[in-house]
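Listing of start-v6.cif, mmCIF, C-alpha atoms
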data_work
loop_
_atom_site.label_atom_id
_atom_site.label_comp_id
_atom_site.auth_asym_id
_atom_site.auth_seq_id
_atom_site.Cartn_x
_atom_site.Cartn_y
_atom_site.Cartn_z
CA MET A 1 0.00 0.00 0.00
CA THR A 2 1.43 3.43 -0.90
CA SER A 3 2.00 5.90 1.88
CA THR A 4 -0.67 8.25 0.48
CA THR A 5 -3.29 5.48 0.43
CA ARG A 6 -2.22 4.45 3.88
CA SER A 7 -2.49 7.95 5.29
CA ASP A 8 -5.84 8.41 3.53
CA GLN A 9 -7.08 5.19 5.11
CA PHE A 10 -5.84 6.38 8.49
CA ILE A 11 -7.55 9.76 8.10
CA SER A 12 -10.78 8.00 7.18
CA VAL A 13 -10.55 5.82 10.32
CA ILE A 14 -9.91 8.87 12.48
CA GLU A 15 -12.78 10.73 10.89
CA THR A 16 -15.19 7.86 11.50
CA HIS A 17 -14.12 7.60 15.15
CA ARG A 18 -13.55 11.29 15.90
CA GLY A 19 -16.21 11.16 18.60
CA ILE A 20 -14.13 8.71 20.65
CA LEU A 21 -11.13 11.06 20.62
CA HIS A 22 -13.30 13.99 21.63
CA LYS A 23 -14.93 12.11 24.53
CA ILE A 24 -11.66 10.68 25.85
CA ALA A 25 -9.99 14.07 25.68
CA ASN A 26 -12.92 15.58 27.59
CA VAL A 27 -12.57 12.94 30.31
CA TYR A 28 -8.78 13.16 30.72
CA ALA A 29 -7.98 16.80 30.00
CA THR A 30 -9.57 19.77 31.67
CA THR A 31 -8.48 22.81 29.71
CA PRO A 32 -9.00 23.35 25.96
CA GLU A 33 -5.23 23.57 25.52
CA ASP A 34 -4.69 20.23 27.25
CA ARG A 35 -7.46 18.64 25.20
CA LYS A 36 -5.80 19.83 22.01
CA ASP A 37 -2.45 18.42 23.19
CA LEU A 38 -4.00 15.12 24.25
CA ILE A 39 -5.85 14.61 20.95
CA GLN A 40 -2.68 15.39 19.06
CA GLU A 41 -0.70 12.91 21.16
CA ILE A 42 -3.38 10.22 20.72
CA VAL A 43 -3.49 10.70 16.94
CA LEU A 44 0.30 10.51 16.74
CA GLN A 45 0.37 7.29 18.73
CA LEU A 46 -2.47 5.84 16.62
CA TRP A 47 -0.54 6.68 13.47
CA LYS A 48 2.58 5.07 14.96
CA ALA A 49 0.58 1.93 15.79
CA PHE A 50 -1.35 1.88 12.50
CA ASP A 51 1.20 -0.35 10.72
CA ASN A 52 0.68 -3.04 13.33
CA TYR A 53 -3.11 -2.79 13.44
CA ASP A 54 -4.60 -6.26 13.85
CA PRO A 55 -7.74 -6.52 11.66
CA ARG A 56 -9.16 -9.20 13.96
CA PHE A 57 -10.15 -6.36 16.29
CA LYS A 58 -12.60 -3.61 15.56
CA TYR A 59 -11.12 -0.19 14.83
CA SER A 60 -13.03 1.21 17.78
CA THR A 61 -11.46 -1.32 20.19
CA TRP A 62 -8.01 -0.54 18.84
CA ILE A 63 -8.64 3.21 19.15
CA TYR A 64 -9.92 2.86 22.72
CA LYS A 65 -6.84 0.85 23.73
CA VAL A 66 -4.30 3.29 22.31
CA SER A 67 -6.26 6.39 23.37
CA LEU A 68 -6.78 5.24 26.95
CA ASN A 69 -3.15 4.21 27.30
CA VAL A 70 -2.00 7.58 26.04
CA SER A 71 -4.54 9.40 28.23
CA LEU A 72 -3.54 7.53 31.39
CA ALA A 73 0.09 8.36 30.77
CA PHE A 74 -0.90 11.94 29.86
CA SER A 75 -2.89 12.42 33.05
CA ARG A 76 0.11 11.72 35.26
CA LYS A 77 2.83 13.45 33.34
CA GLU A 78 4.02 16.96 33.88
CA HIS A 79 2.23 19.66 32.01
CA ASN A 80 5.20 20.51 29.82
CA ARG A 81 5.64 16.96 28.54
CA LEU A 82 4.59 17.82 25.02
CA LYS A 83 7.19 20.45 24.34
CA HIS A 84 8.75 18.25 21.69
CA VAL A 85 5.52 18.10 19.71
CA ASP A 86 5.07 20.88 17.20
CA PRO A 87 2.37 23.21 18.48
CA LEU A 88 -0.80 23.19 16.44
CA ARG A 89 -2.45 26.41 15.50
CA ASP A 90 -5.92 24.88 15.37
CA ASP A 91 -7.83 22.01 16.93
CA LEU A 92 -7.50 18.66 15.18
CA VAL A 93 -11.00 17.69 16.20
CA GLN A 94 -13.20 20.73 16.15
CA PHE A 95 -16.79 21.77 16.12
CA ALA A 96 -17.92 22.42 12.57
CA ASP A 97 -19.60 25.62 13.63
CA GLN A 98 -16.63 26.53 15.92
CA ASP A 99 -18.97 27.02 18.85
CA GLU A 100 -18.85 24.95 21.99
CA PRO A 101 -22.42 24.14 23.05
CA ALA A 102 -23.09 27.09 25.27
CA ALA A 103 -25.63 25.73 27.66
CA MET A 104 -24.47 22.34 28.77
CA GLU A 105 -27.13 20.56 30.76
CA THR A 106 -26.66 20.93 34.48
CA ARG A 107 -26.89 17.23 35.12
CA PHE A 108 -24.32 16.50 32.47
CA ARG A 109 -22.00 19.04 34.07
CA PHE A 110 -22.34 17.21 37.38
CA LEU A 111 -21.63 13.91 35.66
CA GLN A 112 -18.56 15.40 34.02
CA GLN A 113 -17.39 16.80 37.34
CA PHE A 114 -17.82 13.44 39.07
CA ILE A 115 -15.95 11.67 36.31
CA ALA A 116 -13.08 14.12 36.75
CA GLU A 117 -12.94 13.26 40.46
CA LEU A 118 -12.58 9.53 39.78
CA ARG A 119 -9.24 7.76 39.63
CA ALA A 120 -7.72 7.57 36.14
CA ILE A 121 -8.45 3.85 35.69
CA ASP A 122 -12.01 4.18 36.96
CA ARG A 123 -12.57 7.00 34.50
CA ALA A 124 -11.59 4.63 31.67
CA ILE A 125 -13.99 1.96 32.93
CA LEU A 126 -16.84 4.42 33.35
CA LEU A 127 -16.22 5.92 29.91
CA LEU A 128 -16.52 2.47 28.30
CA TYR A 129 -19.64 1.76 30.33
CA LEU A 130 -21.22 5.05 29.23
CA GLU A 131 -20.29 4.21 25.66
CA GLU A 132 -22.31 1.01 26.13
CA LYS A 133 -19.45 -1.32 25.44
CA SER A 134 -20.15 -4.95 26.27
CA GLN A 135 -18.46 -6.31 29.38
CA ARG A 136 -16.44 -8.58 27.12
CA GLU A 137 -15.12 -5.66 25.11
CA MET A 138 -14.46 -3.64 28.25
CA ALA A 139 -12.53 -6.57 29.72
CA GLU A 140 -10.49 -6.82 26.52
CA ILE A 141 -9.68 -3.11 26.42
CA ILE A 142 -8.87 -2.77 30.12
CA GLY A 143 -7.22 -6.18 30.45
CA ILE A 144 -9.06 -7.57 33.46
CA THR A 145 -11.76 -10.22 33.77
CA GLU A 146 -15.42 -9.60 32.95
CA THR A 147 -16.30 -10.36 36.58
CA ASN A 148 -13.83 -7.75 37.74
CA ILE A 149 -15.27 -5.26 35.23
CA SER A 150 -18.76 -5.95 36.48
CA THR A 151 -17.71 -5.38 40.11
CA ARG A 152 -15.86 -2.16 39.26
CA VAL A 153 -18.76 -0.77 37.21
CA GLY A 154 -21.14 -1.53 40.07
CA ARG A 155 -18.89 0.30 42.55
CA ILE A 156 -18.38 3.31 40.30
CA LYS A 157 -22.10 3.61 39.61
CA ALA A 158 -22.82 3.42 43.32
CA GLN A 159 -20.28 6.21 43.93
CA LEU A 160 -21.85 8.35 41.22
CA LYS A 161 -25.34 7.78 42.50
CA LYS A 162 -24.27 8.69 46.02
CA LYS A 163 -22.74 11.93 44.80
CA PHE A 164 -25.78 12.84 42.73
CA ASP A 165 -27.98 12.13 45.73
CA GLN A 166 -25.82 14.39 47.91
CA ILE A 167 -26.26 17.27 45.49
CA GLN A 168 -30.02 16.94 45.64
CA LYS A 169 -30.08 17.21 49.42
CA MET B 1 -33.48 18.26 39.32
CA LYS B 2 -34.61 14.85 38.32
CA ASN B 3 -34.32 12.23 41.05
CA MET B 4 -31.11 10.32 40.51
CA GLU B 5 -32.83 7.05 41.43
CA GLU B 6 -34.35 7.34 37.98
CA THR B 7 -31.45 8.90 36.25
CA ASN B 8 -29.76 6.83 33.66
CA PHE B 9 -26.16 7.95 33.36
CA VAL B 10 -25.83 6.28 29.98
CA LEU B 11 -28.80 8.20 28.63
CA LEU B 12 -27.44 11.43 30.00
CA TRP B 13 -24.11 10.77 28.30
CA LYS B 14 -25.70 9.76 25.02
CA GLU B 15 -28.05 12.71 24.88
CA HIS B 16 -25.20 15.12 25.39
CA TYR B 17 -22.82 13.62 22.88
CA GLN B 18 -25.42 12.97 20.21
CA LYS B 19 -25.71 16.71 19.74
CA ILE B 20 -21.98 17.23 19.76
CA ASP B 21 -21.07 14.30 17.51
CA GLN B 22 -23.01 15.82 14.65
CA SER B 23 -21.08 19.06 14.80
CA LEU B 24 -17.64 17.48 15.25
CA ALA B 25 -15.33 17.65 12.30
CA ILE B 26 -11.80 16.53 11.62
CA ASN B 27 -9.42 19.17 10.40
CA LYS B 28 -8.07 17.05 7.53
CA ARG B 29 -5.54 19.60 6.33
CA LEU B 30 -4.03 19.79 9.81
CA LEU B 31 -4.08 16.02 10.23
CA LYS B 32 -2.29 15.45 6.90
CA GLU B 33 0.26 18.07 7.81
CA MET B 34 0.79 16.38 11.16
CA LEU B 35 1.24 12.91 9.65
CA MET B 36 3.84 14.26 7.26
CA ARG B 37 5.71 15.98 10.08
CA LYS B 38 5.50 12.93 12.34
CA ALA B 39 8.64 11.12 11.16
CA HIS B 40 10.75 14.23 11.47
CA SER B 41 9.42 15.34 14.83
CA SER B 42 9.82 11.91 16.45
CA ILE B 43 13.41 11.65 15.27
CA ARG B 44 14.05 15.21 16.44
CA SER B 45 12.61 14.51 19.88
CA LEU B 46 14.70 11.36 20.17
CA ILE B 47 17.83 13.20 19.16
CA GLY B 48 16.83 16.05 21.47
CA GLY B 49 17.17 15.10 25.11
CA ARG B 50 17.95 11.42 25.12
CA VAL B 51 20.77 11.08 22.64
CA ILE B 52 22.43 14.18 24.02
CA GLY B 53 22.26 12.50 27.45
CA ILE B 54 23.87 9.36 26.07
CA VAL B 55 26.58 11.31 24.23
CA ALA B 56 27.33 13.30 27.40
CA GLY B 57 27.53 10.01 29.34
CA VAL B 58 29.92 8.50 26.81
CA ILE B 59 32.13 11.61 26.86
CA TRP B 60 32.15 11.54 30.66
CA LEU B 61 33.13 7.85 30.65
CA ALA B 62 35.84 8.54 28.09
CA ILE B 63 37.31 11.27 30.31
CA LEU B 64 37.25 8.96 33.34
CA GLY B 65 38.76 6.17 31.23
CA VAL B 66 41.60 8.34 29.98
CA VAL B 67 42.33 9.61 33.48
CA LEU B 68 42.40 6.01 34.76
CA ALA B 69 44.62 4.88 31.90
CA ILE B 70 47.10 7.67 32.68
CA ALA B 71 47.05 6.69 36.37
CA PHE B 72 47.79 3.06 35.45
CA ALA B 73 50.48 4.03 32.96
CA HIS B 74 52.30 6.06 35.61
CA TYR B 75 51.39 3.76 38.45
CA SER B 76 52.64 4.42 41.95
CA THR B 77 51.18 3.29 45.25
CA ALA B 78 50.49 6.96 46.03
CA ALA B 79 47.71 6.85 43.42
CA ASN B 80 45.86 3.93 44.99
CA TYR B 81 43.13 6.08 46.51
CA PHE B 82 42.68 7.83 43.19
CA ILE B 83 42.64 4.62 41.10
CA VAL B 84 40.19 2.82 43.38
CA SER B 85 37.88 5.85 43.65
CA ILE B 86 37.84 6.84 39.96
CA GLY B 87 37.72 3.14 38.99
CA ALA B 88 34.59 2.66 41.12
CA ILE B 89 33.01 5.85 39.75
CA PHE B 90 33.84 4.67 36.21
CA LEU B 91 32.25 1.23 36.72
CA ILE B 92 29.13 2.69 38.36
CA ASN B 93 28.73 5.12 35.46
CA VAL B 94 29.20 2.34 32.89
CA LYS B 95 26.42 0.35 34.57
CA ALA B 96 24.19 3.43 34.81
CA LEU B 97 24.73 4.32 31.14
CA TYR B 98 24.00 0.75 30.09
CA ASP B 99 20.74 0.81 32.10
CA TYR B 100 19.78 4.17 30.65
CA VAL B 101 20.35 3.07 27.04
CA ARG B 102 18.45 -0.16 27.67
CA HIS B 103 15.62 1.83 29.20
CA LEU B 104 15.42 4.14 26.19
CA VAL B 105 15.41 1.22 23.74
CA LEU B 106 12.53 -0.36 25.67
CA VAL B 107 10.61 2.93 25.78
CA SER B 108 10.99 3.55 22.06
CA SER B 109 9.92 0.01 21.15
CA LEU B 110 6.81 0.07 23.33
CA ARG B 111 3.52 -0.30 21.44
CA LEU B 112 0.48 1.23 23.02
CA ASP B 113 -2.18 -0.99 21.47
CA GLY B 114 -2.23 -3.59 24.24
CA SER B 115 -4.80 -3.69 27.02
CA VAL B 116 -4.74 -0.81 29.50
CA VAL B 117 -3.47 -2.92 32.41
CA GLU B 118 -0.77 -4.60 30.30
CA ILE B 119 0.57 -1.36 28.81
CA GLN B 120 0.31 0.68 31.98
CA ASN B 121 2.18 -2.06 33.85
CA LYS B 122 4.90 -1.93 31.20
CA LEU B 123 5.05 1.85 31.47
CA ARG B 124 5.24 1.55 35.24
CA ASP B 125 8.08 -0.98 35.01
CA LEU B 126 9.95 1.26 32.64
CA ARG B 127 9.62 4.23 34.95
CA VAL B 128 10.59 2.15 37.96
CA SER B 129 13.70 1.07 36.04
CA LEU B 130 14.69 4.73 36.13
CA ILE B 131 14.65 4.47 39.92
CA ARG B 132 17.16 1.64 39.71
CA HIS B 133 19.27 3.91 37.55
CA CYS B 134 19.12 6.61 40.26
CA ARG B 135 19.97 4.07 42.98
CA ILE B 136 23.09 2.96 41.19
CA MET B 137 24.17 6.53 40.57
CA VAL B 138 24.04 7.46 44.27
CA LEU B 139 26.49 4.68 45.10
CA GLN B 140 29.31 6.71 43.60
CA LEU B 141 28.92 9.48 46.18
CA PRO B 142 31.44 8.15 48.77
CA PHE B 143 34.15 7.81 46.13
CA TRP B 144 33.96 11.54 45.42
CA SER B 145 35.19 12.07 48.99
CA THR B 146 38.32 9.92 48.56
CA PHE B 147 39.64 10.32 45.01
CA TYR B 148 41.92 13.26 45.89
CA LEU B 149 43.69 11.45 48.73
CA SER B 150 47.24 10.20 48.26
CA SER B 151 49.12 7.71 50.36
CA LYS B 152 52.08 10.12 50.06
CA TRP B 153 50.45 12.43 52.57
CA PHE B 154 47.41 10.60 53.94
CA PRO B 155 47.20 9.63 56.70
CA GLY B 156 50.96 9.75 57.47
CA THR B 157 51.79 13.44 57.17
CA VAL B 158 48.51 15.03 58.22
CA GLY B 159 47.41 15.74 61.74
CA ALA B 160 44.89 13.63 63.67
CA GLY B 161 42.32 16.41 63.21
CA TYR B 162 42.39 16.07 59.44
CA VAL B 163 42.19 12.26 59.65
CA VAL B 164 39.11 12.53 61.84
CA PHE B 165 37.63 15.15 59.51
CA GLN B 166 38.28 12.95 56.46
CA LEU B 167 36.78 9.89 58.14
CA LEU B 168 33.67 11.83 59.15
CA PHE B 169 33.45 13.41 55.70
CA THR B 170 33.60 10.04 53.92
CA ALA B 171 31.29 8.45 56.49
CA ALA B 172 28.74 11.19 55.83
CA PHE B 173 28.90 10.48 52.08
CA VAL B 174 28.55 6.74 52.73
CA TRP B 175 25.58 7.39 55.01
CA VAL B 176 23.83 9.66 52.49
CA ALA B 177 24.47 7.18 49.67
CA LEU B 178 23.12 4.21 51.63
CA TRP B 179 20.21 6.23 52.96
CA LEU B 180 19.17 7.23 49.43
CA TYR B 181 19.87 3.74 48.06
CA LYS B 182 17.59 2.17 50.64
CA ARG B 183 14.81 4.67 50.17
CA LEU B 184 14.84 4.95 46.40
CA THR B 185 12.65 1.92 46.13
CA PHE B 186 9.35 1.02 44.67
CA LYS B 187 7.71 1.05 48.08
CA GLY B 188 9.51 3.97 49.65
CA PRO B 189 8.65 7.21 47.90
CA GLU B 190 6.81 8.63 50.91
CA ASN B 191 9.83 10.21 52.55
CA ARG B 192 9.79 13.93 51.77
CA TRP B 193 13.57 14.09 51.33
CA VAL B 194 13.46 11.25 48.81
CA ARG B 195 10.61 13.00 47.00
CA PHE B 196 12.66 16.20 47.09
CA PHE B 197 15.70 14.35 45.70
CA LEU B 198 13.64 12.76 42.93
CA SER B 199 11.84 15.95 41.97
CA GLY B 200 15.17 17.78 41.95
CA THR B 201 16.62 15.29 39.50
CA GLY B 202 13.71 15.50 37.06
CA GLY B 203 12.03 12.51 38.63
CA LYS B 204 8.52 13.92 39.00
CA ALA B 205 7.37 11.42 36.39
CA ILE B 206 8.77 8.65 38.60
CA LEU B 207 6.84 9.93 41.61
CA SER B 208 3.56 10.03 39.72
CA ALA B 209 4.31 6.59 38.27
CA LEU B 210 4.79 5.25 41.79
CA ASP B 211 1.51 6.80 42.90
CA PHE B 212 -0.19 5.28 39.88
CA CYS B 213 1.18 1.82 40.77
CA ARG B 214 -1.15 1.72 43.73
CA GLU B 215 -4.14 2.25 41.46
CA LEU B 216 -3.03 -0.58 39.21
CA GLU B 217 -2.36 -2.96 42.08
CA ASP B 218 -5.76 -2.17 43.47
CA LEU B 219 -7.40 -2.83 40.11
CA GLU B 220 -5.77 -6.22 39.69
CA ASN B 221 -6.69 -7.41 43.17
#
Show the structure stored in the file as structure tokens.
Amino acid sequence: MTSTTRSDQFISVIETHRGILHKIANVYATTPEDRKDLIQEIVLQLWKAFDNYDPRFKYSTWIYKVSLNVSLAFSRKEHNRLKHVDPLRDDLVQFADQDEPAAMETRFRFLQQFIAELRAIDRAILLLYLEEKSQREMAEIIGITETNISTRVGRIKAQLKKKFDQIQK
Amino acid sequence: MKNMEETNFVLLWKEHYQKIDQSLAINKRLLKEMLMRKAHSSIRSLIGGRVIGIVAGVIWLAILGVVLAIAFAHYSTAANYFIVSIGAIFLINVKALYDYVRHLVLVSSLRLDGSVVEIQNKLRDLRVSLIRHCRIMVLQLPFWSTFYLSSKWFPGTVGAGYVVFQLLFTAAFVWVALWLYKRLTFKGPENRWVRFFLSGTGGKAILSALDFCRELEDLEN
């Protein structure tokens, strides 16, 4: 495959799954600048891993694995870790109309805030749960048993529910 | 606010992102530009800090090696302190450089498309290997307190005061080296002086990796 065809194929994969990158960046990076950096880092690592992509797995599974691994490393590195990456003038994944949704629902804001308070690994598990991944796929992406996934999801949901309940009081 | 007993987090998530997904777009021009730049930037970053570190290490070892060779070529018993001290520093630095190069090779060959636990464990192990590198480096400290001594004048021609001072001086270096060696471990990053030492030597990534280890261990249990 020529390099142009290969890069075109890669761009098409990224375009199809752009939502995953956006959601993961929202979960693991808090500022717009960090989100831009994180998406850039994820795309670079996906491109690096693209040659070794195993077609037995779905693209989405592959993207989740690489993206979550990059995000977990990103979330515990120093802020200036990406100095070696050329700064981008614009966002790689952007809103077509360039406007962030102004009025985010209050409940969603709470959910987002609670997710941010979770431990990095738990955030990954909750993200996959919210994305309605099967327990089998979650177990494959995270690398623990389905039983363990089920237990963790139960615990995280209980934590979330407790926090939502506290807000209502 | 809707009662959270009834709230479905999945629905909340879906509703929010359904709206956003439609308006998301990939900046293809930027992505293409980035893919083209990728090869160059990754080579540049590799050449940047890491290779410079290795080159500096090799130059430092070469200097120590030349100094040792000269000491051997003009051997006299007066140079024993010097030969033993610089020899030990040389060997410790050879081991440290070897570990560092090995570490960098492992880091650059790491693929991130494995499961989260598998890859994060590998990343943790790689970062912890940097701790081993630090541990080995601190062992050279005592030898920096003895290399300048010569049996021509020490301890024979100096006063008892200087001998006591030298012994205490070297003992202090030994103590600091052993203290750091013992505490620069996987389990012992809690001590504030060790954290200070690590953060002062660019080891903040190591500290956060150690903190992250607990999360991983917890997950696997």
(message) Could you list, as a list in words, every residue matched by the PyMOL selection byres ((chain B) within 7 of (chain A)) in this structure?
(response)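 In the shown coordinates, the PyMOL selection byres ((chain B) within 7 of (chain A)) covers Met4, Val10, Leu12, Trp13, Asp21, Ser23, Leu24, Ala25, Ile26, Asn27, Leu30, Leu31, Ser41, Ser45, Arg111, Leu112, Asp113, Gly114, Ser115, Val116, Val117, Glu118, Ile119, Gln120, Ala205 and Ser208 of chain B.
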(request) For the structure shown, which residues end up in the PyMOL selection byres ((chain B and resi 61-76) around 8)? Put them as a ChimeraX atom specification, please? (result) /B:57-60,77-80,83,86-87,90,93-94
Serialized selection, C-alpha atoms, as a compact mmCIF listing (two decimals), in the frame of the given file:
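Dumped everything to again_12.txt:
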# COMPACT_ATOMS: atom_id res chain seq x y z
CA GLY B 57 27.53 10.01 29.34
CA VAL B 58 29.92 8.50 26.81
CA ILE B 59 32.13 11.61 26.86
CA TRP B 60 32.15 11.54 30.66
CA THR B 77 51.18 3.29 45.25
CA ALA B 78 50.49 6.96 46.03
CA ALA B 79 47.71 6.85 43.42
CA ASN B 80 45.86 3.93 44.99
CA ILE B 83 42.64 4.62 41.10
CA ILE B 86 37.84 6.84 39.96
CA GLY B 87 37.72 3.14 38.99
CA PHE B 90 33.84 4.67 36.21
CA ASN B 93 28.73 5.12 35.46
CA VAL B 94 29.20 2.34 32.89
(message) Using only C-alpha atoms for the distances, tell me which of B:Trp175, B:Arg37, B:His133, B:Lys152 is nearest to Val101 in chain B.
(response)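 Using only C-alpha atoms, Val101 in chain B sits closest to B:His133.
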(message) For a test of reading the model, state the distance in Å between CA of Pro32 in chain A and CA of Lys133 in chain A, rounded to one decimal.
(response)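 Result for CA of Pro32 in chain A versus CA of Lys133 in chain A: 26.8 Å, one decimal.
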(request) Name the residues that the PyMOL selection byres ((chain A and resi 35) around 10) pulls out of this structure, and write them as a list in words. (result) Leu21, His22, Lys23, Ile24, Ala25, Asn26, Val27, Tyr28, Ala29, Thr30, Thr31, Pro32, Glu33, Asp34, Lys36, Asp37, Leu38, Ile39, Gln40, Glu41, Asp91 and Val93 of chain A
(request) Work out how far CA of Phe74 in chain A is from CA of Leu118 in chain A, in Å to one decimal. (result) 15.5 Å
(request) Find the distance between CA of Ile89 in chain B and CA of Trp144 in chain B and write it in Å to one decimal. (result)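 That distance, rounded to one decimal, is 8.1 Å.
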